[in-house]
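Heads up, model27.csv below (CSV, C-alpha atoms):
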chain,number,residue,atom,x,y,z
P,1,MET,CA,0.0,0.0,0.0
P,2,GLU,CA,1.3,3.4,-0.9
P,3,ARG,CA,1.8,6.0,1.8
P,4,GLN,CA,0.3,9.4,1.2
P,5,ILE,CA,2.4,12.4,2.1
P,6,GLU,CA,0.3,14.9,4.0
P,7,GLY,CA,-1.2,17.5,1.7
P,8,GLU,CA,-0.4,15.5,-1.5
P,9,ALA,CA,-3.0,13.4,-3.1
P,10,THR,CA,-2.0,10.2,-4.9
P,11,PHE,CA,-4.0,9.0,-7.8
P,12,PRO,CA,-4.0,5.8,-9.9
P,13,PRO,CA,-1.8,6.3,-13.0
P,14,PHE,CA,-4.6,6.7,-15.5
P,15,VAL,CA,-6.2,9.4,-13.3
P,16,GLN,CA,-2.9,11.2,-12.9
P,17,LYS,CA,-2.4,11.2,-16.7
P,18,LEU,CA,-5.8,13.0,-17.0
P,19,VAL,CA,-4.9,15.5,-14.3
P,20,ASP,CA,-1.5,16.2,-15.9
P,21,ARG,CA,-3.1,16.6,-19.4
P,22,GLY,CA,-5.7,19.0,-17.9
P,23,LYS,CA,-2.9,21.1,-16.3
P,24,LEU,CA,-1.0,21.2,-19.6
P,25,GLU,CA,-4.1,22.2,-21.6
P,26,GLY,CA,-4.9,24.9,-19.0
P,27,ILE,CA,-1.3,26.3,-19.2
P,28,ARG,CA,-1.5,26.3,-23.0
P,29,GLU,CA,-4.9,28.0,-23.0
P,30,GLY,CA,-3.5,30.6,-20.6
P,31,GLU,CA,-0.5,31.2,-22.8
P,32,LEU,CA,-2.7,31.6,-25.9
P,33,LYS,CA,-5.0,34.0,-24.1
P,34,GLY,CA,-2.0,36.1,-23.0
P,35,MET,CA,-0.6,36.2,-26.5
P,36,ARG,CA,-4.0,37.2,-28.0
P,37,GLU,CA,-4.3,40.0,-25.4
P,38,GLY,CA,-0.7,41.1,-26.0
P,39,ARG,CA,-1.3,41.3,-29.8
P,40,ARG,CA,-4.5,43.3,-29.2
P,41,GLU,CA,-2.8,45.7,-26.9
P,42,GLY,CA,0.0,46.1,-29.4
P,43,LYS,CA,-2.5,46.9,-32.2
P,44,LEU,CA,-4.2,49.5,-30.0
P,45,GLU,CA,-0.9,51.1,-29.0
P,46,GLY,CA,0.1,51.2,-32.7
P,47,LYS,CA,-3.2,52.9,-33.7
P,48,ARG,CA,-2.9,55.4,-30.9
P,49,ASP,CA,0.6,56.2,-31.9
P,50,THR,CA,-0.4,56.6,-35.6
P,51,LEU,CA,-3.3,58.9,-34.6
P,52,LEU,CA,-1.1,61.1,-32.5
P,53,ARG,CA,1.5,61.4,-35.2
P,54,LEU,CA,-1.1,62.3,-37.8
P,55,LEU,CA,-2.6,64.9,-35.5
P,56,ALA,CA,0.9,66.4,-34.9
P,57,ARG,CA,1.6,66.5,-38.7
P,58,ALA,CA,-1.7,68.1,-39.3
P,59,GLY,CA,-0.8,70.8,-36.7
P,60,ILE,CA,-3.8,69.9,-34.5
P,61,VAL,CA,-3.0,70.6,-30.9
P,62,LEU,CA,-4.7,68.4,-28.3
P,63,THR,CA,-5.9,69.4,-24.9
P,64,GLU,CA,-5.0,67.2,-21.9
P,65,ASN,CA,-8.5,65.7,-21.9
P,66,GLU,CA,-8.4,64.9,-25.7
P,67,SER,CA,-5.0,63.3,-25.3
P,68,ALA,CA,-6.3,61.2,-22.3
P,69,ARG,CA,-9.3,60.2,-24.3
P,70,ILE,CA,-7.1,58.8,-27.1
P,71,GLN,CA,-4.9,57.0,-24.7
P,72,ALA,CA,-7.9,55.5,-22.9
P,73,CYS,CA,-9.6,54.2,-26.1
P,74,THR,CA,-9.6,50.4,-26.3
P,75,ASP,CA,-11.9,50.1,-29.4
P,76,ILE,CA,-9.9,49.5,-32.6
P,77,ALA,CA,-12.9,50.6,-34.8
P,78,THR,CA,-13.1,53.9,-33.0
P,79,LEU,CA,-9.3,54.5,-33.4
P,80,ASP,CA,-9.6,53.6,-37.1
P,81,ARG,CA,-12.5,56.1,-37.5
P,82,TRP,CA,-10.5,58.8,-35.7
P,83,ILE,CA,-7.4,58.1,-37.9
P,84,ASP,CA,-9.7,58.5,-41.0
P,85,ASN,CA,-11.1,61.7,-39.6
P,86,VAL,CA,-7.7,63.4,-39.5
P,87,LEU,CA,-7.9,63.9,-43.2
P,88,GLY,CA,-9.4,67.3,-43.8
P,89,ALA,CA,-9.9,68.0,-40.1
P,90,LYS,CA,-9.1,71.5,-38.7
P,91,THR,CA,-9.6,70.7,-35.0
P,92,ALA,CA,-9.4,67.8,-32.5
P,93,THR,CA,-13.2,68.0,-32.3
P,94,ASP,CA,-13.4,67.2,-36.0
P,95,VAL,CA,-11.3,64.2,-35.4
P,96,LEU,CA,-12.8,62.8,-32.2
P,97,SER,CA,-16.4,63.2,-33.2
Represent the structure of the file as structure tokens.
Amino acid sequence: MERQIEGEATFPPFVQKLVDRGKLEGIREGELKGMREGRREGKLEGKRDTLLRLLARAGIVLTENESARIQACTDIATLDRWIDNVLGAKTATDVLS
């Protein structure tokens, strides 16, 4: 009969394989989720940077609130719309509407 160390469960080999596989799948899923989140955050940061550079090139000066609004935006479609709005815009209000 196997002795059980306090705090450590022992399982039959077939159960332990299932437990180990579940742990590995959980780790893989967590890594994939982290990579997806990292890619999304990278896209957002790139779009924010592009928008700010276009605004600067267009000579459009931002208030602190407008700049904070851009930095806080987490919607890719909104950032894309704002980037498109820079063309022909005269003010930050034209862009962020």
Exercise for the section: Please measure the separation of atom CA of Arg39 of chain P and atom CA of Ala92 of chain P, giving the value in Å to one decimal. Expected result: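 Atom CA of Arg39 of chain P sits 27.8 Å away from atom CA of Ala92 of chain P.
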Can you tell me, as a PDB file with C-alpha atoms, in the frame of the given file, what residues are no more than 9 Å from segment 58-75 of chain P when counting only C-alpha atoms, ignoring any on the same chain fewer than 5 positions away?
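Wrote out.pdb, looks like this:
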ATOM      1  CA  GLU P  41      -2.800  45.700 -26.900  1.00  0.00           C
ATOM      2  CA  LEU P  44      -4.200  49.500 -30.000  1.00  0.00           C
ATOM      3  CA  GLU P  45      -0.900  51.100 -29.000  1.00  0.00           C
ATOM      4  CA  ARG P  48      -2.900  55.400 -30.900  1.00  0.00           C
ATOM      5  CA  LEU P  51      -3.300  58.900 -34.600  1.00  0.00           C
ATOM      6  CA  LEU P  52      -1.100  61.100 -32.500  1.00  0.00           C
ATOM      7  CA  ARG P  53       1.500  61.400 -35.200  1.00  0.00           C
ATOM      8  CA  ASP P  80      -9.600  53.600 -37.100  1.00  0.00           C
ATOM      9  CA  VAL P  86      -7.700  63.400 -39.500  1.00  0.00           C
ATOM     10  CA  LEU P  87      -7.900  63.900 -43.200  1.00  0.00           C
ATOM     11  CA  GLY P  88      -9.400  67.300 -43.800  1.00  0.00           C
ATOM     12  CA  ALA P  89      -9.900  68.000 -40.100  1.00  0.00           C
ATOM     13  CA  LYS P  90      -9.100  71.500 -38.700  1.00  0.00           C
ATOM     14  CA  THR P  91      -9.600  70.700 -35.000  1.00  0.00           C
ATOM     15  CA  ALA P  92      -9.400  67.800 -32.500  1.00  0.00           C
ATOM     16  CA  THR P  93     -13.200  68.000 -32.300  1.00  0.00           C
ATOM     17  CA  LEU P  96     -12.800  62.800 -32.200  1.00  0.00           C
TER      18      LEU P  96
END
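Counting from atom CA of Gly46 of chain P, the distance to atom CA of Ile83 of chain P is 11.4 Å.
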Dump of chain P from preceding block, C-alpha atoms, as a PDB file, in the first residue's frame:
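selection-v4.pdb was written with the following content:
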ATOM      1  CA  MET P   1       0.000   0.000   0.000  1.00  0.00           C
ATOM      2  CA  GLU P   2       1.311   3.448  -0.934  1.00  0.00           C
ATOM      3  CA  ARG P   3       1.802   6.023   1.751  1.00  0.00           C
ATOM      4  CA  GLN P   4       0.298   9.403   1.189  1.00  0.00           C
ATOM      5  CA  ILE P   5       2.374  12.437   2.101  1.00  0.00           C
ATOM      6  CA  GLU P   6       0.330  14.946   4.048  1.00  0.00           C
ATOM      7  CA  GLY P   7      -1.200  17.519   1.683  1.00  0.00           C
ATOM      8  CA  GLU P   8      -0.356  15.548  -1.479  1.00  0.00           C
ATOM      9  CA  ALA P   9      -2.999  13.419  -3.144  1.00  0.00           C
ATOM     10  CA  THR P  10      -2.011  10.233  -4.920  1.00  0.00           C
ATOM     11  CA  PHE P  11      -4.046   8.981  -7.831  1.00  0.00           C
ATOM     12  CA  PRO P  12      -3.989   5.828  -9.885  1.00  0.00           C
ATOM     13  CA  PRO P  13      -1.752   6.287 -12.965  1.00  0.00           C
ATOM     14  CA  PHE P  14      -4.619   6.670 -15.462  1.00  0.00           C
ATOM     15  CA  VAL P  15      -6.201   9.424 -13.313  1.00  0.00           C
ATOM     16  CA  GLN P  16      -2.852  11.176 -12.858  1.00  0.00           C
ATOM     17  CA  LYS P  17      -2.397  11.241 -16.660  1.00  0.00           C
ATOM     18  CA  LEU P  18      -5.768  12.953 -17.017  1.00  0.00           C
ATOM     19  CA  VAL P  19      -4.898  15.467 -14.299  1.00  0.00           C
ATOM     20  CA  ASP P  20      -1.517  16.200 -15.899  1.00  0.00           C
ATOM     21  CA  ARG P  21      -3.087  16.597 -19.356  1.00  0.00           C
ATOM     22  CA  GLY P  22      -5.682  19.000 -17.930  1.00  0.00           C
ATOM     23  CA  LYS P  23      -2.933  21.081 -16.327  1.00  0.00           C
ATOM     24  CA  LEU P  24      -1.012  21.241 -19.602  1.00  0.00           C
ATOM     25  CA  GLU P  25      -4.100  22.208 -21.572  1.00  0.00           C
ATOM     26  CA  GLY P  26      -4.872  24.894 -19.002  1.00  0.00           C
ATOM     27  CA  ILE P  27      -1.344  26.276 -19.233  1.00  0.00           C
ATOM     28  CA  ARG P  28      -1.474  26.278 -23.042  1.00  0.00           C
ATOM     29  CA  GLU P  29      -4.854  28.000 -23.043  1.00  0.00           C
ATOM     30  CA  GLY P  30      -3.546  30.627 -20.623  1.00  0.00           C
ATOM     31  CA  GLU P  31      -0.499  31.240 -22.798  1.00  0.00           C
ATOM     32  CA  LEU P  32      -2.663  31.584 -25.908  1.00  0.00           C
ATOM     33  CA  LYS P  33      -4.996  33.978 -24.134  1.00  0.00           C
ATOM     34  CA  GLY P  34      -2.040  36.062 -22.984  1.00  0.00           C
ATOM     35  CA  MET P  35      -0.613  36.157 -26.508  1.00  0.00           C
ATOM     36  CA  ARG P  36      -3.970  37.239 -27.956  1.00  0.00           C
ATOM     37  CA  GLU P  37      -4.291  39.983 -25.352  1.00  0.00           C
ATOM     38  CA  GLY P  38      -0.720  41.088 -26.035  1.00  0.00           C
ATOM     39  CA  ARG P  39      -1.337  41.289 -29.782  1.00  0.00           C
ATOM     40  CA  ARG P  40      -4.522  43.275 -29.233  1.00  0.00           C
ATOM     41  CA  GLU P  41      -2.792  45.704 -26.890  1.00  0.00           C
ATOM     42  CA  GLY P  42       0.011  46.074 -29.426  1.00  0.00           C
ATOM     43  CA  LYS P  43      -2.498  46.904 -32.162  1.00  0.00           C
ATOM     44  CA  LEU P  44      -4.208  49.453 -29.951  1.00  0.00           C
ATOM     45  CA  GLU P  45      -0.904  51.090 -29.040  1.00  0.00           C
ATOM     46  CA  GLY P  46       0.123  51.230 -32.705  1.00  0.00           C
ATOM     47  CA  LYS P  47      -3.160  52.854 -33.713  1.00  0.00           C
ATOM     48  CA  ARG P  48      -2.936  55.390 -30.874  1.00  0.00           C
ATOM     49  CA  ASP P  49       0.606  56.247 -31.924  1.00  0.00           C
ATOM     50  CA  THR P  50      -0.430  56.608 -35.577  1.00  0.00           C
ATOM     51  CA  LEU P  51      -3.323  58.875 -34.636  1.00  0.00           C
ATOM     52  CA  LEU P  52      -1.131  61.092 -32.466  1.00  0.00           C
ATOM     53  CA  ARG P  53       1.521  61.356 -35.181  1.00  0.00           C
ATOM     54  CA  LEU P  54      -1.070  62.265 -37.827  1.00  0.00           C
ATOM     55  CA  LEU P  55      -2.573  64.886 -35.533  1.00  0.00           C
ATOM     56  CA  ALA P  56       0.867  66.392 -34.928  1.00  0.00           C
ATOM     57  CA  ARG P  57       1.640  66.452 -38.664  1.00  0.00           C
ATOM     58  CA  ALA P  58      -1.713  68.122 -39.323  1.00  0.00           C
ATOM     59  CA  GLY P  59      -0.839  70.784 -36.739  1.00  0.00           C
ATOM     60  CA  ILE P  60      -3.800  69.873 -34.547  1.00  0.00           C
ATOM     61  CA  VAL P  61      -3.025  70.570 -30.904  1.00  0.00           C
ATOM     62  CA  LEU P  62      -4.736  68.388 -28.290  1.00  0.00           C
ATOM     63  CA  THR P  63      -5.946  69.381 -24.876  1.00  0.00           C
ATOM     64  CA  GLU P  64      -5.011  67.176 -21.942  1.00  0.00           C
ATOM     65  CA  ASN P  65      -8.530  65.682 -21.945  1.00  0.00           C
ATOM     66  CA  GLU P  66      -8.406  64.909 -25.680  1.00  0.00           C
ATOM     67  CA  SER P  67      -5.020  63.259 -25.340  1.00  0.00           C
ATOM     68  CA  ALA P  68      -6.257  61.222 -22.344  1.00  0.00           C
ATOM     69  CA  ARG P  69      -9.347  60.201 -24.342  1.00  0.00           C
ATOM     70  CA  ILE P  70      -7.139  58.825 -27.120  1.00  0.00           C
ATOM     71  CA  GLN P  71      -4.871  56.991 -24.656  1.00  0.00           C
ATOM     72  CA  ALA P  72      -7.882  55.472 -22.867  1.00  0.00           C
ATOM     73  CA  CYS P  73      -9.577  54.240 -26.051  1.00  0.00           C
ATOM     74  CA  THR P  74      -9.648  50.436 -26.267  1.00  0.00           C
ATOM     75  CA  ASP P  75     -11.852  50.124 -29.352  1.00  0.00           C
ATOM     76  CA  ILE P  76      -9.944  49.453 -32.576  1.00  0.00           C
ATOM     77  CA  ALA P  77     -12.859  50.569 -34.789  1.00  0.00           C
ATOM     78  CA  THR P  78     -13.065  53.913 -32.976  1.00  0.00           C
ATOM     79  CA  LEU P  79      -9.332  54.510 -33.366  1.00  0.00           C
ATOM     80  CA  ASP P  80      -9.587  53.624 -37.069  1.00  0.00           C
ATOM     81  CA  ARG P  81     -12.452  56.108 -37.483  1.00  0.00           C
ATOM     82  CA  TRP P  82     -10.464  58.836 -35.720  1.00  0.00           C
ATOM     83  CA  ILE P  83      -7.442  58.121 -37.936  1.00  0.00           C
ATOM     84  CA  ASP P  84      -9.658  58.497 -41.013  1.00  0.00           C
ATOM     85  CA  ASN P  85     -11.135  61.712 -39.590  1.00  0.00           C
ATOM     86  CA  VAL P  86      -7.706  63.402 -39.480  1.00  0.00           C
ATOM     87  CA  LEU P  87      -7.871  63.911 -43.249  1.00  0.00           C
ATOM     88  CA  GLY P  88      -9.427  67.319 -43.789  1.00  0.00           C
ATOM     89  CA  ALA P  89      -9.855  68.007 -40.066  1.00  0.00           C
ATOM     90  CA  LYS P  90      -9.109  71.475 -38.676  1.00  0.00           C
ATOM     91  CA  THR P  91      -9.588  70.731 -34.967  1.00  0.00           C
ATOM     92  CA  ALA P  92      -9.396  67.845 -32.539  1.00  0.00           C
ATOM     93  CA  THR P  93     -13.183  68.007 -32.264  1.00  0.00           C
ATOM     94  CA  ASP P  94     -13.410  67.236 -35.991  1.00  0.00           C
ATOM     95  CA  VAL P  95     -11.259  64.151 -35.443  1.00  0.00           C
ATOM     96  CA  LEU P  96     -12.777  62.807 -32.221  1.00  0.00           C
ATOM     97  CA  SER P  97     -16.419  63.192 -33.236  1.00  0.00           C
TER      98      SER P  97
END
